[in-house]
Amino acid sequence: MSDAGDPDDTVVPLAGIGIGAIAHEIGLTKDTLRVWERRYGFPRPMRSPGGERLYPQEQVTKLRLVKRLLDAGHRPSKVLAQSIDVLQQLAQESGVGQDAPDAELDRLVSLLRSGAYDDFRFEMLKRATRDGLERFVLDVAAPLSARVGNAWAAGTLQVYHEHLFSEAMQVTLRTLLRPLSDALRGRGGRPRMLLTTLTGESHGLGILMAEAIFSLAECECLGLGPQTPLHDIVDAVAAHKVDVVALSFSAAMPAQAVTNGLTELRSLLPAGVGIWVGGSSPVLRRKLPDGVEHVPGLTPIDETVASWRQAAVL
Ligand code: B12
């Protein structure tokens, strides 16, 4: 027996992430990853002793960048075979992941990064009460979410920072929104809106921001929080005589899940109930099922509500 031990006992660490975890993290299907591997030679995973695909960290980083370039409209054939340096250059040229200069937003991100959460929450509430709900949503909440996401993608913030950010942002938005919602209740403001996300879409800040703007447009809003099963949406629509269901889809939600969810919901709801969708999912820019309307951002909400009111016999 040798002092060094039997070489067969040595555990060789296989540093890699499995296909299911990586597909979930990046917002792709496992099939897409396998097709890319066959067709474009990337990603090129290692294999576990059991033959399962394992993706090393540098390929995960490149995949994240690939996904964001595809979301911005680049084609897989033009992107997948390139080196990470070329992709970073391409991202810079097409503005993917670039933040507009804003010292106040940078300061908020620094507070989050350094763990000064009390200061972060205070600064958010101060800005919100100083500027008012609409300006806070448009000038702070929306661009700060994008900044936090970019910092996470660049590896300068971690997932727990994203959680702390979401928590603080939700509290701030709800604090400002509550008195408005209370005052709107019972005033019969139409369209009567139900706001949520579908199962699988855990990002809930976009729909909360939309709720703020719909409330300012004097719509009565029923916010259900994220991830409501389809049948519960249908039940709530009937019970509360809802005119429009508003849904949010981030880029993390797989395209197929967005289309299938919308098609099914459309078939379950009465034709007179509108479905309005928003958020950064690239699927929303393509053809949507009939009877589903894309509202391209928060500022077009006023116009969309005005058109609905004009068309509706109230
Ligand atoms: C906070 C956050 C989280 C939180 C969410 C907590 C919560 N309670 O919401 C947590 C930590 C849970 C999380 C998890 C993940 N996240 Co995340 N997250 C974010 C972040 C920073 C903000 C999320 C958000 O709510 N965005 C939604 C709103 C604010 O943005 P928007 O979609 O562009 O919508 C705008 C408008 O269109 C409008 N709008 C939105 N909805 C609607 C609806 C209607 C009707 C209307 C009219 C308008 C409207 O409002 C917004 C304002 O400009 C984003 C960054 C970003 N740029 O969004 C990343 C981001 C969405 N996450 C991302 C990823 C990858 C993930 C994870 C998969 C991995 C991870 N980071 O841990 C997981 C898993 C999530 C899953 N599978 O469901 C990626 C998606 C990338 C991609 N292309 O696939 C992003 C873009 C980060 C990045 N830059 O890479 N996340």
# chains A, B, ... in the order shown; residues from 1 in each chain; ligands from 1
>>> select_by_dssp(residues="stretch 138-311 of chain A", states="helix (DSSP H, G or I)", output="PyMOL selection string")
chain A and resi 138-153+159-184+205-216+230-239+255-268+282-285+301-311
>>> write_last_selection(atoms="C-alpha atoms", output="compact mmCIF listing (two decimals), in the first residue's frame")
# COMPACT_ATOMS: atom_id res chain seq x y z
CA LEU A 138 -40.33 55.76 -14.65
CA ASP A 139 -37.06 57.37 -13.53
CA VAL A 140 -35.92 55.06 -10.72
CA ALA A 141 -37.75 51.72 -10.48
CA ALA A 142 -37.59 50.78 -14.18
CA PRO A 143 -34.00 51.84 -15.00
CA LEU A 144 -32.70 50.63 -11.62
CA SER A 145 -34.14 47.14 -12.29
CA ALA A 146 -32.30 47.04 -15.60
CA ARG A 147 -29.09 48.24 -13.90
CA VAL A 148 -29.33 45.61 -11.18
CA GLY A 149 -29.92 42.94 -13.86
CA ASN A 150 -26.91 44.13 -15.86
CA ALA A 151 -24.73 44.15 -12.74
CA TRP A 152 -25.83 40.58 -11.98
CA ALA A 153 -25.05 39.51 -15.57
CA VAL A 159 -28.54 36.74 -6.74
CA TYR A 160 -29.10 37.61 -3.07
CA HIS A 161 -28.54 41.28 -3.94
CA GLU A 162 -31.31 40.89 -6.55
CA HIS A 163 -33.58 39.47 -3.86
CA LEU A 164 -32.82 42.33 -1.45
CA PHE A 165 -33.35 44.83 -4.23
CA SER A 166 -36.73 43.28 -5.17
CA GLU A 167 -37.86 43.27 -1.56
CA ALA A 168 -36.98 46.93 -1.01
CA MET A 169 -38.48 47.96 -4.35
CA GLN A 170 -41.74 46.13 -3.65
CA VAL A 171 -42.07 47.72 -0.21
CA THR A 172 -41.41 51.19 -1.62
CA LEU A 173 -43.85 50.80 -4.51
CA ARG A 174 -46.58 49.30 -2.32
CA THR A 175 -46.15 52.03 0.31
CA LEU A 176 -46.79 54.70 -2.32
CA LEU A 177 -49.48 52.76 -4.13
CA ARG A 178 -51.61 51.74 -1.12
CA PRO A 179 -53.38 55.07 -0.42
CA LEU A 180 -54.12 55.45 -4.14
CA SER A 181 -55.53 51.90 -4.42
CA ASP A 182 -57.66 52.45 -1.31
CA ALA A 183 -59.06 55.68 -2.71
CA LEU A 184 -59.78 54.05 -6.09
CA LEU A 205 -41.66 44.02 -10.37
CA GLY A 206 -42.73 44.81 -13.94
CA ILE A 207 -46.39 44.06 -13.23
CA LEU A 208 -46.23 46.04 -9.97
CA MET A 209 -44.86 49.04 -11.87
CA ALA A 210 -47.63 48.58 -14.44
CA GLU A 211 -50.19 48.49 -11.59
CA ALA A 212 -48.89 51.85 -10.37
CA ILE A 213 -49.35 53.44 -13.80
CA PHE A 214 -52.78 51.82 -14.37
CA SER A 215 -53.86 53.14 -10.96
CA LEU A 216 -52.68 56.63 -11.88
CA LEU A 230 -54.64 29.90 -15.27
CA HIS A 231 -57.79 28.53 -13.64
CA ASP A 232 -57.43 30.89 -10.70
CA ILE A 233 -57.14 33.82 -13.12
CA VAL A 234 -60.33 32.68 -14.84
CA ASP A 235 -62.17 32.36 -11.48
CA ALA A 236 -60.99 35.79 -10.30
CA VAL A 237 -62.04 37.40 -13.61
CA ALA A 238 -65.59 36.05 -13.19
CA ALA A 239 -65.84 36.89 -9.47
CA ALA A 255 -40.64 31.54 -25.47
CA GLN A 256 -42.73 28.38 -25.72
CA ALA A 257 -44.09 28.84 -22.20
CA VAL A 258 -45.16 32.41 -23.03
CA THR A 259 -46.98 31.43 -26.22
CA ASN A 260 -48.61 28.31 -24.77
CA GLY A 261 -49.71 30.13 -21.61
CA LEU A 262 -51.25 32.99 -23.59
CA THR A 263 -53.01 30.69 -26.08
CA GLU A 264 -54.53 28.65 -23.28
CA LEU A 265 -55.58 31.65 -21.22
CA ARG A 266 -57.18 33.25 -24.30
CA SER A 267 -59.24 30.10 -24.89
CA LEU A 268 -60.37 30.01 -21.25
CA PRO A 282 -38.64 39.14 -26.94
CA VAL A 283 -41.60 36.84 -27.75
CA LEU A 284 -43.95 39.78 -27.24
CA ARG A 285 -42.43 41.54 -30.25
CA ILE A 301 -50.42 52.62 -20.77
CA ASP A 302 -52.35 55.92 -20.77
CA GLU A 303 -52.99 55.69 -24.51
CA THR A 304 -54.05 52.02 -24.30
CA VAL A 305 -56.49 52.79 -21.49
CA ALA A 306 -57.88 55.78 -23.41
CA SER A 307 -58.49 53.62 -26.52
CA TRP A 308 -60.22 50.97 -24.41
CA ARG A 309 -62.50 53.58 -22.84
CA GLN A 310 -63.33 55.00 -26.25
CA ALA A 311 -64.23 51.58 -27.67
>>> residues_around(residues="A:Pro254", least_positions_apart="2", cutoff="12 Å", atoms="only C-alpha atoms", output="ChimeraX atom specification")
/A:23-32,67,71,198-201,249-252,256-261,281-284
>>> atom_distance(atom1="atom CA of A:Thr156", atom2="atom CA of A:Gly115")
12.9 Å
>>> residues_around(residues="A:Ser83", least_positions_apart="2", cutoff="12 Å", atoms="only C-alpha atoms", output="JSON, numbers by chain")
{"A": [42, 43, 58, 59, 61, 62, 63, 65, 66, 78, 79, 80, 81, 85, 86, 87, 88, 89, 90]}
>>> atom_distance(atom1="atom CA of A:Pro296", atom2="atom 60 (C, counted along the ligand's line) of ligand 1")
17.6 Å
>>> residues_around(residues="A:Ser248", least_positions_apart="3", cutoff="8 Å", atoms="only C-alpha atoms", output="list in words")
Thr196, Thr197, Gly204, Gly206, Ile207, Val277, Gly278 and Gly279 of chain A
>>> decode(residues="stretch 233-274 of chain A", atoms="N, CA and C atoms", output="mmCIF file, in the first residue's frame")
data_model
loop_
_atom_site.group_PDB
_atom_site.id
_atom_site.type_symbol
_atom_site.label_atom_id
_atom_site.label_comp_id
_atom_site.auth_asym_id
_atom_site.auth_seq_id
_atom_site.Cartn_x
_atom_site.Cartn_y
_atom_site.Cartn_z
ATOM 1 N N ILE A 233 -56.920 32.547 -12.414
ATOM 2 C CA ILE A 233 -57.136 33.819 -13.121
ATOM 3 C C ILE A 233 -58.579 33.852 -13.637
ATOM 4 N N VAL A 234 -58.987 32.751 -14.258
ATOM 5 C CA VAL A 234 -60.335 32.683 -14.837
ATOM 6 C C VAL A 234 -61.387 32.881 -13.740
ATOM 7 N N ASP A 235 -61.207 32.224 -12.591
ATOM 8 C CA ASP A 235 -62.169 32.361 -11.484
ATOM 9 C C ASP A 235 -62.218 33.804 -10.977
ATOM 10 N N ALA A 236 -61.040 34.423 -10.817
ATOM 11 C CA ALA A 236 -60.988 35.795 -10.298
ATOM 12 C C ALA A 236 -61.625 36.778 -11.282
ATOM 13 N N VAL A 237 -61.444 36.533 -12.577
ATOM 14 C CA VAL A 237 -62.043 37.396 -13.609
ATOM 15 C C VAL A 237 -63.566 37.377 -13.484
ATOM 16 N N ALA A 238 -64.122 36.164 -13.293
ATOM 17 C CA ALA A 238 -65.590 36.048 -13.186
ATOM 18 C C ALA A 238 -66.074 36.686 -11.881
ATOM 19 N N ALA A 239 -65.380 36.408 -10.779
ATOM 20 C CA ALA A 239 -65.843 36.887 -9.468
ATOM 21 C C ALA A 239 -65.775 38.412 -9.364
ATOM 22 N N HIS A 240 -64.780 39.026 -10.010
ATOM 23 C CA HIS A 240 -64.587 40.476 -9.842
ATOM 24 C C HIS A 240 -64.969 41.279 -11.085
ATOM 25 N N LYS A 241 -65.654 40.629 -12.023
ATOM 26 C CA LYS A 241 -66.106 41.313 -13.264
ATOM 27 C C LYS A 241 -64.953 42.108 -13.894
ATOM 28 N N VAL A 242 -63.850 41.393 -14.104
ATOM 29 C CA VAL A 242 -62.635 42.034 -14.633
ATOM 30 C C VAL A 242 -62.797 42.309 -16.131
ATOM 31 N N ASP A 243 -62.350 43.486 -16.575
ATOM 32 C CA ASP A 243 -62.407 43.837 -17.997
ATOM 33 C C ASP A 243 -61.153 43.383 -18.745
ATOM 34 N N VAL A 244 -59.986 43.529 -18.063
ATOM 35 C CA VAL A 244 -58.712 43.255 -18.736
ATOM 36 C C VAL A 244 -57.767 42.532 -17.785
ATOM 37 N N VAL A 245 -57.128 41.470 -18.293
ATOM 38 C CA VAL A 245 -56.071 40.797 -17.535
ATOM 39 C C VAL A 245 -54.738 41.324 -18.063
ATOM 40 N N ALA A 246 -53.908 41.868 -17.164
ATOM 41 C CA ALA A 246 -52.592 42.378 -17.578
ATOM 42 C C ALA A 246 -51.522 41.437 -17.050
ATOM 43 N N LEU A 247 -50.623 41.037 -17.943
ATOM 44 C CA LEU A 247 -49.586 40.063 -17.576
ATOM 45 C C LEU A 247 -48.214 40.613 -17.943
ATOM 46 N N SER A 248 -47.202 40.166 -17.197
ATOM 47 C CA SER A 248 -45.839 40.604 -17.472
ATOM 48 C C SER A 248 -44.955 39.393 -17.766
ATOM 49 N N PHE A 249 -44.074 39.546 -18.755
ATOM 50 C CA PHE A 249 -43.154 38.459 -19.110
ATOM 51 C C PHE A 249 -41.736 39.014 -19.213
ATOM 52 N N SER A 250 -40.823 38.500 -18.392
ATOM 53 C CA SER A 250 -39.421 38.916 -18.492
ATOM 54 C C SER A 250 -38.730 38.060 -19.557
ATOM 55 N N ALA A 251 -37.493 38.436 -19.879
ATOM 56 C CA ALA A 251 -36.745 37.674 -20.889
ATOM 57 C C ALA A 251 -36.354 36.285 -20.379
ATOM 58 N N ALA A 252 -36.520 36.059 -19.070
ATOM 59 C CA ALA A 252 -36.114 34.750 -18.531
ATOM 60 C C ALA A 252 -37.146 33.667 -18.806
ATOM 61 N N MET A 253 -38.352 34.049 -19.174
ATOM 62 C CA MET A 253 -39.422 33.052 -19.390
ATOM 63 C C MET A 253 -39.257 32.436 -20.786
ATOM 64 N N PRO A 254 -39.120 31.096 -20.895
ATOM 65 C CA PRO A 254 -38.932 30.486 -22.218
ATOM 66 C C PRO A 254 -40.071 30.831 -23.185
ATOM 67 N N ALA A 255 -39.689 31.086 -24.459
ATOM 68 C CA ALA A 255 -40.642 31.544 -25.474
ATOM 69 C C ALA A 255 -41.873 30.643 -25.563
ATOM 70 N N GLN A 256 -41.626 29.348 -25.573
ATOM 71 C CA GLN A 256 -42.727 28.379 -25.719
ATOM 72 C C GLN A 256 -43.733 28.519 -24.583
ATOM 73 N N ALA A 257 -43.213 28.725 -23.370
ATOM 74 C CA ALA A 257 -44.092 28.841 -22.198
ATOM 75 C C ALA A 257 -44.957 30.099 -22.302
ATOM 76 N N VAL A 258 -44.397 31.166 -22.862
ATOM 77 C CA VAL A 258 -45.162 32.411 -23.025
ATOM 78 C C VAL A 258 -46.309 32.169 -24.008
ATOM 79 N N THR A 259 -45.963 31.620 -25.182
ATOM 80 C CA THR A 259 -46.976 31.428 -26.223
ATOM 81 C C THR A 259 -48.047 30.442 -25.779
ATOM 82 N N ASN A 260 -47.616 29.310 -25.197
ATOM 83 C CA ASN A 260 -48.608 28.311 -24.769
ATOM 84 C C ASN A 260 -49.523 28.872 -23.687
ATOM 85 N N GLY A 261 -48.923 29.568 -22.717
ATOM 86 C CA GLY A 261 -49.714 30.126 -21.612
ATOM 87 C C GLY A 261 -50.751 31.117 -22.133
ATOM 88 N N LEU A 262 -50.329 31.979 -23.065
ATOM 89 C CA LEU A 262 -51.251 32.990 -23.585
ATOM 90 C C LEU A 262 -52.367 32.356 -24.418
ATOM 91 N N THR A 263 -52.003 31.351 -25.240
ATOM 92 C CA THR A 263 -53.012 30.695 -26.084
ATOM 93 C C THR A 263 -54.059 30.029 -25.197
ATOM 94 N N GLU A 264 -53.589 29.358 -24.149
ATOM 95 C CA GLU A 264 -54.530 28.651 -23.285
ATOM 96 C C GLU A 264 -55.412 29.645 -22.513
ATOM 97 N N LEU A 265 -54.795 30.682 -21.988
ATOM 98 C CA LEU A 265 -55.583 31.654 -21.218
ATOM 99 C C LEU A 265 -56.641 32.300 -22.118
ATOM 100 N N ARG A 266 -56.222 32.623 -23.358
ATOM 101 C CA ARG A 266 -57.182 33.253 -24.295
ATOM 102 C C ARG A 266 -58.387 32.335 -24.510
ATOM 103 N N SER A 267 -58.130 31.027 -24.630
ATOM 104 C CA SER A 267 -59.237 30.097 -24.894
ATOM 105 C C SER A 267 -60.127 29.927 -23.654
ATOM 106 N N LEU A 268 -59.597 30.206 -22.471
ATOM 107 C CA LEU A 268 -60.374 30.013 -21.246
ATOM 108 C C LEU A 268 -61.196 31.246 -20.856
ATOM 109 N N LEU A 269 -60.763 32.415 -21.322
ATOM 110 C CA LEU A 269 -61.450 33.652 -20.907
ATOM 111 C C LEU A 269 -62.549 34.032 -21.904
ATOM 112 N N PRO A 270 -63.620 34.676 -21.441
ATOM 113 C CA PRO A 270 -64.631 35.176 -22.386
ATOM 114 C C PRO A 270 -63.982 36.153 -23.373
ATOM 115 N N ALA A 271 -64.507 36.174 -24.623
ATOM 116 C CA ALA A 271 -63.895 36.998 -25.675
ATOM 117 C C ALA A 271 -63.874 38.484 -25.298
ATOM 118 N N GLY A 272 -64.829 38.922 -24.495
ATOM 119 C CA GLY A 272 -64.912 40.343 -24.152
ATOM 120 C C GLY A 272 -63.857 40.788 -23.141
ATOM 121 N N VAL A 273 -63.172 39.847 -22.522
ATOM 122 C CA VAL A 273 -62.139 40.207 -21.536
ATOM 123 C C VAL A 273 -60.805 40.376 -22.271
ATOM 124 N N GLY A 274 -60.213 41.538 -22.135
ATOM 125 C CA GLY A 274 -58.948 41.800 -22.828
ATOM 126 C C GLY A 274 -57.771 41.117 -22.142
#
